[in-house]
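coords35.txt follows; it contains compact mmCIF, C-alpha atoms and all ligand atoms.
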```
# COMPACT_ATOMS: atom_id res chain seq x y z
CA MET A 206 -6.82 -6.47 33.93
CA LEU A 207 -7.23 -6.33 30.18
CA ILE A 208 -3.91 -6.07 28.33
CA PRO A 209 -4.52 -4.22 25.05
CA LEU A 210 -3.20 -5.94 21.93
CA LEU A 211 -1.16 -3.48 19.91
CA THR A 212 -0.21 -3.83 16.27
CA ASP A 213 3.43 -3.32 15.19
CA TYR A 214 2.34 0.10 14.01
CA GLU A 215 0.82 1.06 17.35
CA LYS A 216 3.76 -0.30 19.33
CA ALA A 217 6.06 1.94 17.30
CA HIS A 218 4.02 5.12 17.15
CA ILE A 219 1.25 5.39 19.68
CA THR A 220 3.27 7.68 21.93
CA GLU A 221 4.47 9.93 19.12
CA ARG A 222 1.10 10.80 17.65
CA GLN A 223 0.56 14.53 18.03
CA PRO A 224 -2.93 15.96 17.61
CA LEU A 225 -3.52 18.75 15.12
CA PRO A 226 -3.38 22.06 17.06
CA ASP A 227 -6.70 23.92 17.27
CA THR A 228 -5.24 26.84 15.35
CA TYR A 229 -5.13 24.58 12.27
CA LEU A 230 -8.83 23.74 12.44
CA GLY A 231 -11.55 25.64 10.60
CA LEU A 232 -9.26 27.36 8.09
CA SER A 233 -10.70 28.17 4.68
CA ASP A 234 -9.47 26.26 1.62
CA GLU A 235 -8.11 29.49 0.14
CA GLU A 236 -6.09 30.34 3.24
CA MET A 237 -4.63 26.82 3.43
CA ASP A 238 -3.67 26.90 -0.25
CA VAL A 239 -1.86 30.22 0.15
CA ARG A 240 -0.05 29.18 3.34
CA ILE A 241 0.96 25.72 2.05
CA ALA A 242 2.36 27.29 -1.13
CA ALA A 243 4.24 29.87 0.94
CA ALA A 244 5.74 27.23 3.24
CA LYS A 245 6.79 25.18 0.20
CA ARG A 246 8.48 28.21 -1.31
CA ALA A 247 10.26 28.98 1.95
CA LEU A 248 11.59 25.42 2.25
CA GLY A 249 12.63 25.25 -1.42
CA ARG A 250 14.96 22.38 -2.27
CA ARG A 251 15.13 21.29 1.38
CA LEU A 252 11.69 19.72 0.85
CA VAL A 253 10.17 17.14 -1.46
CA ILE A 254 6.49 16.15 -1.21
CA LEU A 255 5.50 12.69 -2.45
CA GLY A 256 1.81 11.94 -3.00
CA HIS A 257 0.02 8.63 -3.49
CA HIS A 258 -2.77 8.52 -6.08
CA TYR A 259 -5.43 7.96 -3.39
CA GLN A 260 -4.79 11.32 -1.76
CA ARG A 261 -7.44 14.03 -1.87
CA ASP A 262 -7.21 16.69 -4.58
CA GLU A 263 -6.57 19.43 -2.00
CA VAL A 264 -3.44 17.55 -0.89
CA ILE A 265 -2.10 15.90 -4.04
CA LYS A 266 -1.99 19.18 -5.93
CA PHE A 267 0.99 20.10 -3.73
CA ALA A 268 2.91 16.88 -4.42
CA ASP A 269 6.17 17.24 -6.34
CA HIS A 270 5.81 13.62 -7.45
CA THR A 271 2.80 11.34 -7.55
CA GLY A 272 2.76 7.59 -8.07
CA ASP A 273 1.96 4.09 -6.92
CA SER A 274 3.92 2.52 -4.07
CA PHE A 275 6.73 1.35 -6.36
CA LYS A 276 7.20 4.64 -8.15
CA LEU A 277 7.15 6.62 -4.90
CA ALA A 278 9.72 4.29 -3.34
CA GLN A 279 11.93 4.90 -6.39
CA GLN A 280 11.56 8.66 -5.94
CA VAL A 281 13.18 8.60 -2.50
CA SER A 282 16.72 7.95 -3.73
CA LYS A 283 16.27 10.55 -6.49
CA HIS A 284 16.15 13.34 -3.90
CA PRO A 285 19.28 12.97 -1.76
CA ASP A 286 19.42 16.75 -1.27
CA ALA A 287 15.99 17.03 0.32
CA GLU A 288 16.30 17.34 4.07
CA PHE A 289 12.57 16.66 4.47
CA ILE A 290 10.50 14.09 2.61
CA VAL A 291 6.84 14.76 3.37
CA PHE A 292 4.95 11.62 2.45
CA CYS A 293 1.28 12.17 1.66
CA GLY A 294 0.22 8.56 1.83
CA VAL A 295 0.02 5.95 4.56
CA HIS A 296 2.36 4.74 7.24
CA PHE A 297 3.97 1.75 5.49
CA MET A 298 4.94 4.04 2.59
CA ALA A 299 6.59 6.54 4.93
CA GLU A 300 8.43 3.74 6.75
CA SER A 301 9.78 2.44 3.44
CA ALA A 302 10.87 5.96 2.53
CA ASP A 303 12.67 6.30 5.86
CA VAL A 304 14.59 3.08 5.25
CA LEU A 305 15.46 4.05 1.67
CA SER A 306 16.49 7.61 2.55
CA GLY A 307 19.82 8.85 3.87
CA GLY A 308 20.65 9.37 7.54
CA HIS A 309 20.51 13.16 7.06
CA GLN A 310 16.89 13.03 5.82
CA HIS A 311 13.64 13.21 7.79
CA VAL A 312 10.49 11.46 6.55
CA ILE A 313 7.24 13.01 7.71
CA LEU A 314 3.72 11.59 7.57
CA PRO A 315 1.36 14.58 8.04
CA ASP A 316 -1.02 12.49 10.18
CA LEU A 317 0.56 9.54 11.99
CA ALA A 318 -2.90 7.98 12.28
CA ALA A 319 -2.82 7.34 8.53
CA GLY A 320 -2.15 3.61 8.75
CA CYS A 321 -3.38 0.77 6.54
CA SER A 322 -5.84 -1.76 7.91
CA MET A 323 -4.39 -4.49 5.72
CA ALA A 324 -0.84 -3.85 6.97
CA ASP A 325 -2.19 -4.20 10.53
CA MET A 326 -3.39 -7.73 9.72
CA ALA A 327 0.16 -9.12 9.88
CA ASP A 328 2.04 -8.76 13.11
CA SER A 329 5.69 -9.76 13.49
CA ASP A 330 4.93 -11.96 16.53
CA GLN A 331 2.38 -13.86 14.45
CA LEU A 332 4.89 -14.22 11.64
CA ASP A 333 7.54 -15.60 14.03
CA LEU A 334 5.00 -18.14 15.24
CA CYS A 335 3.97 -19.07 11.69
CA TRP A 336 7.61 -19.63 10.74
CA SER A 337 8.26 -21.91 13.69
CA ASP A 338 4.97 -23.77 13.05
CA LEU A 339 6.10 -24.40 9.47
CA GLN A 340 9.39 -25.78 10.75
CA GLN A 341 7.57 -28.05 13.20
CA MET A 342 5.42 -29.31 10.35
CA GLY A 343 8.59 -30.15 8.44
CA ILE A 344 7.82 -27.60 5.71
CA THR A 345 11.07 -26.36 4.24
CA SER A 346 12.23 -24.33 1.24
CA VAL A 347 9.86 -21.43 1.95
CA VAL A 348 10.55 -17.93 0.64
CA PRO A 349 8.68 -15.17 2.51
CA VAL A 350 7.32 -12.43 0.25
CA THR A 351 5.57 -9.46 1.76
CA TYR A 352 3.48 -6.89 -0.03
CA ILE A 353 4.84 -3.40 0.66
CA ASN A 354 1.58 -2.83 2.59
CA SER A 355 3.13 -4.22 5.77
CA ALA A 356 5.04 -3.00 8.81
CA ALA A 357 8.82 -2.62 8.64
CA ALA A 358 9.17 -5.51 11.13
CA ILE A 359 7.54 -7.85 8.58
CA LYS A 360 9.74 -6.54 5.78
CA ALA A 361 12.82 -7.02 7.96
CA PHE A 362 11.81 -10.63 8.63
CA CYS A 363 11.51 -11.26 4.91
CA GLY A 364 14.86 -9.65 4.20
CA GLU A 365 16.57 -11.74 6.88
CA HIS A 366 15.00 -14.99 5.70
CA GLY A 367 15.97 -14.75 2.03
CA GLY A 368 12.74 -13.07 1.03
CA VAL A 369 11.62 -9.84 -0.50
CA VAL A 370 9.05 -7.05 -0.62
CA CYS A 371 6.78 -6.62 -3.64
CA THR A 372 4.27 -4.04 -4.81
CA SER A 373 1.20 -4.45 -6.96
CA SER A 374 3.28 -3.39 -9.97
CA ASN A 375 5.99 -6.05 -9.69
CA ALA A 376 4.15 -8.86 -7.86
CA ALA A 377 4.32 -11.33 -10.78
CA ALA A 378 8.04 -10.79 -11.36
CA THR A 379 8.61 -11.10 -7.60
CA LEU A 380 6.82 -14.45 -7.35
CA LYS A 381 8.99 -15.75 -10.20
CA TRP A 382 12.06 -14.43 -8.36
CA ALA A 383 10.98 -16.25 -5.22
CA TRP A 384 10.26 -19.57 -6.97
CA GLU A 385 13.79 -19.49 -8.34
CA ARG A 386 14.94 -19.55 -4.69
CA GLY A 387 12.56 -21.96 -3.02
CA GLU A 388 9.74 -24.43 -3.59
CA ARG A 389 7.05 -22.50 -1.72
CA ILE A 390 6.13 -18.91 -1.09
CA LEU A 391 4.65 -17.51 2.10
CA PHE A 392 2.83 -14.43 0.80
CA LEU A 393 1.63 -11.79 3.24
CA PRO A 394 -0.43 -9.90 4.22
CA ASP A 395 -2.85 -9.69 1.23
CA GLN A 396 -4.28 -13.08 0.31
CA HIS A 397 -6.01 -11.57 -2.73
CA LEU A 398 -2.95 -10.02 -4.35
CA GLY A 399 -1.08 -13.27 -3.70
CA ARG A 400 -3.84 -15.47 -5.10
CA ASN A 401 -4.59 -13.29 -8.12
CA THR A 402 -0.93 -13.01 -9.05
CA ALA A 403 -0.08 -16.67 -8.59
CA TYR A 404 -3.20 -17.73 -10.52
CA ARG A 405 -2.25 -15.51 -13.45
CA LEU A 406 1.15 -17.20 -13.41
CA GLY A 407 -0.56 -20.58 -13.81
CA VAL A 408 -0.77 -21.87 -10.23
CA PRO A 409 -4.13 -23.64 -9.74
CA LEU A 410 -6.23 -22.63 -6.75
CA ASP A 411 -5.85 -26.06 -5.16
CA GLN A 412 -2.10 -25.44 -4.84
CA MET A 413 -2.70 -22.42 -2.62
CA VAL A 414 -3.71 -22.47 1.05
CA VAL A 415 -4.78 -19.68 3.38
CA TRP A 416 -2.77 -19.37 6.58
CA ASP A 417 -4.95 -17.99 9.37
CA PRO A 418 -2.61 -16.43 11.95
CA ASN A 419 -5.33 -16.71 14.60
CA GLU A 420 -5.56 -20.51 14.32
CA ILE A 421 -3.19 -23.18 15.57
CA TRP A 422 -0.89 -24.18 12.67
CA GLY A 423 -2.67 -21.60 10.56
CA GLY A 424 -5.81 -23.75 10.67
CA LEU A 425 -4.17 -26.16 8.19
CA GLU A 426 -3.16 -29.81 7.99
CA PRO A 427 0.57 -30.32 7.36
CA ASP A 428 -0.20 -32.36 4.21
CA ALA A 429 -2.20 -29.52 2.70
CA VAL A 430 0.65 -27.10 3.39
CA ARG A 431 3.16 -29.55 1.91
CA ARG A 432 1.17 -29.72 -1.35
CA ALA A 433 0.89 -25.93 -1.62
CA ARG A 434 3.10 -23.74 -3.79
CA VAL A 435 1.76 -20.60 -2.13
CA MET A 436 0.69 -20.01 1.46
CA LEU A 437 -1.50 -16.94 1.57
CA TRP A 438 -1.66 -14.97 4.80
CA LYS A 439 -5.26 -14.30 5.80
CA GLY A 440 -5.29 -10.55 5.25
CA HIS A 441 -7.22 -8.29 2.91
CA CYS A 442 -8.00 -4.70 1.98
CA SER A 443 -11.37 -3.60 3.26
CA VAL A 444 -11.67 -1.07 0.42
CA HIS A 445 -10.97 -3.37 -2.52
CA THR A 446 -12.87 -6.39 -1.22
CA ARG A 447 -16.05 -4.31 -1.46
CA PHE A 448 -16.09 -4.65 -5.26
CA THR A 449 -18.33 -7.47 -6.46
CA VAL A 450 -19.04 -9.54 -9.57
CA ARG A 451 -22.63 -8.24 -9.46
CA GLN A 452 -21.33 -4.68 -9.87
CA ILE A 453 -19.39 -5.77 -12.96
CA GLU A 454 -22.48 -7.48 -14.42
CA ASN A 455 -24.55 -4.34 -13.76
CA VAL A 456 -22.08 -1.97 -15.35
CA ARG A 457 -21.75 -4.22 -18.42
CA ALA A 458 -25.54 -4.28 -18.76
CA GLN A 459 -25.84 -0.50 -18.45
CA HIS A 460 -22.81 0.42 -20.60
CA PRO A 461 -22.27 -2.12 -23.40
CA GLY A 462 -18.64 -2.02 -24.50
CA VAL A 463 -17.39 -0.78 -21.10
CA ARG A 464 -13.92 -1.96 -20.06
CA VAL A 465 -13.55 -2.99 -16.43
CA ILE A 466 -10.17 -2.42 -14.79
CA VAL A 467 -9.46 -3.26 -11.14
CA HIS A 468 -6.66 -3.17 -8.60
CA PRO A 469 -5.29 -6.68 -7.83
CA GLU A 470 -6.35 -6.40 -4.16
CA VAL A 471 -9.88 -7.35 -5.31
CA THR A 472 -11.15 -10.89 -4.76
CA TRP A 473 -10.33 -13.67 -7.23
CA GLU A 474 -13.92 -13.76 -8.50
CA VAL A 475 -13.91 -10.04 -9.28
CA MET A 476 -10.55 -10.40 -10.97
CA GLN A 477 -11.93 -13.13 -13.24
CA ALA A 478 -14.89 -10.97 -14.21
CA ALA A 479 -12.79 -7.85 -14.97
CA ASP A 480 -10.99 -7.11 -18.25
CA ASP A 481 -7.73 -5.87 -16.84
CA CYS A 482 -5.97 -5.21 -13.56
CA GLY A 483 -2.90 -3.49 -12.21
CA SER A 484 -1.38 -1.01 -9.80
CA THR A 485 -2.80 2.48 -9.45
CA GLU A 486 -0.15 3.81 -11.83
CA TYR A 487 -1.02 1.09 -14.36
CA ILE A 488 -4.73 1.88 -14.10
CA ILE A 489 -4.11 5.57 -14.74
CA LYS A 490 -1.84 4.85 -17.72
CA SER A 491 -4.20 2.31 -19.29
CA VAL A 492 -7.24 4.55 -19.02
CA THR A 493 -5.44 7.74 -20.08
CA GLN A 494 -3.90 6.10 -23.14
CA SER A 495 -7.12 4.41 -24.27
CA PRO A 496 -8.84 5.55 -27.50
CA VAL A 497 -11.08 8.60 -27.38
CA GLY A 498 -14.66 7.54 -26.71
CA SER A 499 -13.68 4.68 -24.36
CA VAL A 500 -15.86 3.93 -21.37
CA TRP A 501 -14.19 2.49 -18.24
CA ALA A 502 -15.46 1.17 -14.94
CA VAL A 503 -12.63 1.35 -12.40
CA GLY A 504 -12.41 -0.78 -9.27
CA THR A 505 -10.16 1.15 -6.92
CA GLU A 506 -10.19 4.01 -4.42
CA ILE A 507 -12.68 6.77 -5.20
CA HIS A 508 -10.34 9.78 -5.14
CA LEU A 509 -8.26 8.30 -7.94
CA VAL A 510 -11.38 7.40 -9.93
CA ASN A 511 -13.04 10.81 -9.53
CA ARG A 512 -9.85 12.63 -10.50
CA LEU A 513 -9.41 10.50 -13.62
CA ALA A 514 -13.05 11.07 -14.56
CA ARG A 515 -12.64 14.83 -14.30
CA GLN A 516 -9.30 14.96 -16.09
CA LEU A 517 -10.37 12.80 -19.02
CA GLN A 518 -13.88 14.13 -19.67
CA PRO A 519 -15.36 14.60 -22.23
CA ASP A 520 -13.09 12.36 -24.35
CA ARG A 521 -13.46 9.30 -22.13
CA THR A 522 -16.09 8.23 -19.64
CA ILE A 523 -14.77 6.97 -16.31
CA LEU A 524 -17.13 5.36 -13.79
CA SER A 525 -16.55 3.94 -10.35
CA LEU A 526 -17.32 0.22 -10.32
CA ASP A 527 -19.05 0.75 -6.98
CA GLN A 528 -21.67 3.43 -7.55
CA PHE A 529 -21.24 4.64 -3.96
CA GLY A 530 -17.44 4.75 -4.32
CA CYS A 531 -14.91 3.02 -2.09
CA LEU A 532 -12.98 5.38 0.15
CA CYS A 533 -9.73 4.55 1.91
CA SER A 534 -10.41 6.25 5.21
CA THR A 535 -6.79 6.14 6.34
CA MET A 536 -5.45 7.76 3.16
CA PHE A 537 -8.14 10.38 3.73
CA ARG A 538 -6.67 11.26 7.11
CA VAL A 539 -3.94 13.29 5.44
CA SER A 540 -5.77 16.61 5.22
CA PRO A 541 -4.55 19.95 3.91
CA ASN A 542 -4.68 21.11 7.55
CA HIS A 543 -2.16 18.42 8.55
CA LEU A 544 0.00 19.19 5.54
CA LEU A 545 0.00 22.89 6.43
CA TRP A 546 0.82 22.21 10.08
CA THR A 547 3.79 19.97 9.27
CA LEU A 548 5.16 22.33 6.60
CA GLU A 549 4.89 25.44 8.77
CA GLY A 550 6.53 23.45 11.57
CA LEU A 551 9.48 22.72 9.27
CA VAL A 552 9.76 26.39 8.34
CA ASP A 553 9.96 27.13 12.09
CA GLY A 554 12.53 24.38 12.60
CA VAL A 555 10.13 21.90 14.27
CA VAL A 556 9.63 18.40 12.88
CA HIS A 557 6.15 17.03 13.59
CA ASN A 558 5.16 13.43 12.88
CA ARG A 559 8.49 12.04 11.80
CA VAL A 560 8.45 8.35 10.90
CA VAL A 561 11.52 6.46 12.05
CA VAL A 562 12.06 2.75 11.60
CA PRO A 563 13.93 1.32 14.63
CA ASP A 564 17.63 0.79 13.96
CA GLU A 565 17.44 -2.95 14.59
CA GLN A 566 14.90 -3.33 11.76
CA LYS A 567 16.59 -1.02 9.28
CA HIS A 568 19.25 -3.27 7.78
CA TRP A 569 17.06 -6.21 6.80
CA THR A 570 14.18 -3.97 5.75
CA ARG A 571 16.58 -2.21 3.40
CA VAL A 572 17.79 -5.55 2.03
CA ALA A 573 14.20 -6.58 1.28
CA LEU A 574 13.32 -3.20 -0.26
CA ASP A 575 16.47 -3.11 -2.39
CA ARG A 576 15.55 -6.55 -3.72
CA MET A 577 12.09 -5.17 -4.50
CA LEU A 578 13.52 -2.22 -6.41
CA SER A 579 15.72 -4.52 -8.45
CA ILE A 580 12.72 -6.54 -9.69
CA SER A 581 10.40 -5.01 -12.27
P1 LIG B 601 -0.45 0.87 -5.47
O1 LIG B 601 0.97 0.52 -5.17
O2 LIG B 601 -1.00 0.15 -6.67
O3 LIG B 601 -0.61 2.35 -5.62
O4 LIG B 601 -1.35 0.37 -4.30
C1 LIG B 601 -1.26 0.86 -3.01
C2 LIG B 601 -2.42 0.50 -2.20
O5 LIG B 601 -2.43 0.62 -1.01
C3 LIG B 601 -3.57 0.00 -2.88
O6 LIG B 601 -4.58 -0.21 -1.98
FE1 LIG B 602 -4.46 -0.13 2.83
FE2 LIG B 602 -6.59 -0.78 1.35
FE3 LIG B 602 -6.16 1.77 2.01
FE4 LIG B 602 -4.57 0.54 0.24
S1 LIG B 602 -6.75 1.00 0.00
S2 LIG B 602 -3.90 1.85 1.92
S3 LIG B 602 -4.52 -1.54 1.11
S4 LIG B 602 -6.62 0.04 3.42
```
Conversion result in structure tokens:
Amino acid sequence: MLIPLLTDYEKAHITERQPLPDTYLGLSDEEMDVRIAAAKRALGRRLVILGHHYQRDEVIKFADHTGDSFKLAQQVSKHPDAEFIVFCGVHFMAESADVLSGGHQHVILPDLAAGCSMADMADSDQLDLCWSDLQQMGITSVVPVTYINSAAAIKAFCGEHGGVVCTSSNAAATLKWAWERGERILFLPDQHLGRNTAYRLGVPLDQMVVWDPNEIWGGLEPDAVRRARVMLWKGHCSVHTRFTVRQIENVRAQHPGVRVIVHPEVTWEVMQAADDCGSTEYIIKSVTQSPVGSVWAVGTEIHLVNRLARQLQPDRTILSLDQFGCLCSTMFRVSPNHLLWTLEGLVDGVVHNRVVVPDEQKHWTRVALDRMLSIS
């Protein structure tokens, strides 16, 4: 018999996933807009909607607050009166909100299938094994740092082992924080964010190794690990690794004077070829505050890029670095239909798609997230 391998996410939520009822399919945009607005009005201050910048226009227009992962995590504690926090984003964001919210609050992800493929690349069983392998190799003084794009179980591990969570907006400050506490960092799950950030802080590439969780001892020799200042978990974002140096060369040839700005989940080579990089919030700020007449090529998710292009035209020209656009298909799962269904459920006293981090993970996840929020 084949035993299916489940990710931490699936183990926690596979049984809770409720399909969208048929009555919420095939509605017109106009009807959904009117009904979502009505449900919001009915719920009033009992509800706050948080929206990540990658959400579709039809969804994000209903967000009370938009932001990158860091800013949205900060928003949670600013709304202690909201009984319901509807998180239009992906699962790891809703989990973090659940941990940071009060016991009287419910965090809802409109579609529980909105995961993150990168977060799924680090499983807590693999991390336990990695940690014991490192001990067997005699590697000590390791501080685990996890990108917020990870399951709560990974965050809890980091909290319990003297580590921390970071986001793309405070990754550099977090690595400095970690090096004040240990000689080496185990950075997971995004090797690219880890490599790009450490390199910008002056760590040469030959002092970083990639830990492959599917290989014995990470596929590494103990001596190589001993020499490393950063061990990068072998994970990546399938959206951001699609950007290439060739695309940057092409856009520079076609638009002389263009500025190229990318998210730090891109590969190291793309990062070197770009002019600037930062979190989604940083990208929006940099482009919006640039001089009139500026031309930008942006290397991040297409909904953010298209929205910026529309909002800033005709004063600034905003292009997607990938001419076909890179879509995050899991962010896209949160549809206005799902938002409507969950909100009307709340009006009727029914909570659909609540995200709850298991009690045994809550304490240490909170420790790791509180450390994250204290570093900027
Ligand atoms: P930000 O925190 O920069 O918004 O990034 C979240 C993310 O998932 C990027 O892929
Ligand atoms: Fe995850 Fe990449 Fe989507 Fe961000 S863009 S949510 S890292 S899959």
Taking a cut-off of 9 Å and counting only C-alpha atoms and all ligand atoms, can you build a table that, for each residue of chain A near ligand LIG 601 (chain B), reports the nearest atom pair and how far apart they are in Å (one decimal), sorted by chain then residue number, as CSV?
```
residue,atom,partner,partner_atom,distance
A:His257,CA,B:LIG601,O3,6.7
A:His258,CA,B:LIG601,O3,6.6
A:Tyr259,CA,B:LIG601,O3,7.7
A:Gly272,CA,B:LIG601,O3,6.7
A:Asp273,CA,B:LIG601,O3,3.4
A:Ser274,CA,B:LIG601,O1,3.7
A:Phe275,CA,B:LIG601,O1,5.9
A:Lys276,CA,B:LIG601,O1,8.0
A:Leu277,CA,B:LIG601,O1,8.7
A:Gly294,CA,B:LIG601,O5,8.8
A:Val295,CA,B:LIG601,O5,8.1
A:Met298,CA,B:LIG601,O5,8.9
A:Cys321,CA,B:LIG601,O5,7.6
A:Met323,CA,B:LIG601,O5,8.7
A:Ile353,CA,B:LIG601,O1,8.0
A:Asn354,CA,B:LIG601,O5,6.4
A:Thr372,CA,B:LIG601,O1,5.6
A:Ser373,CA,B:LIG601,O2,5.1
A:Ser374,CA,B:LIG601,O2,6.5
A:Cys442,CA,B:LIG601,O6,6.9
A:Val444,CA,B:LIG601,O6,7.5
A:His445,CA,B:LIG601,O6,7.1
A:His468,CA,B:LIG601,O2,6.8
A:Pro469,CA,B:LIG601,O2,8.1
A:Glu470,CA,B:LIG601,O6,6.8
A:Gly483,CA,B:LIG601,O2,6.9
A:Ser484,CA,B:LIG601,O2,3.4
A:Thr485,CA,B:LIG601,O2,4.0
A:Glu486,CA,B:LIG601,O2,6.4
A:Tyr487,CA,B:LIG601,O2,7.7
A:Ile488,CA,B:LIG601,O2,8.5
A:Thr505,CA,B:LIG601,O6,7.6
A:Glu506,CA,B:LIG601,O6,7.4
A:Cys533,CA,B:LIG601,O6,8.0
A:Met536,CA,B:LIG601,O5,8.8
```
Using only C-alpha atoms, determine which residues lie at most 12 Å from A:Ser579, disregarding the query and same-chain residues fewer than 2 positions distant; provide the list as number ranges by chain. A: 275, 278-279, 369-371, 375, 378-379, 382, 572-577, 581
With distances taken over all atoms listed in the file, which residue among A:Asp564, A:His296, A:Arg464, A:Ser525 lies nearest A:Gly308? A:Asp564
Return the single residue from A:Ser322, A:Ser499, A:Thr271, A:Thr547 that is closest to ligand LIG 602 (chain B), with distances computed using all atoms listed in the file.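 Result for the nearest residue to ligand LIG 602 (chain B): A:Ser322.
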My list of candidates is A:Val471, A:Met326, A:Ala247, A:Leu334. Which is closest to A:Trp438 when distances are computed with only C-alpha atoms?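 Among the listed residues, A:Met326 lies closest to A:Trp438.
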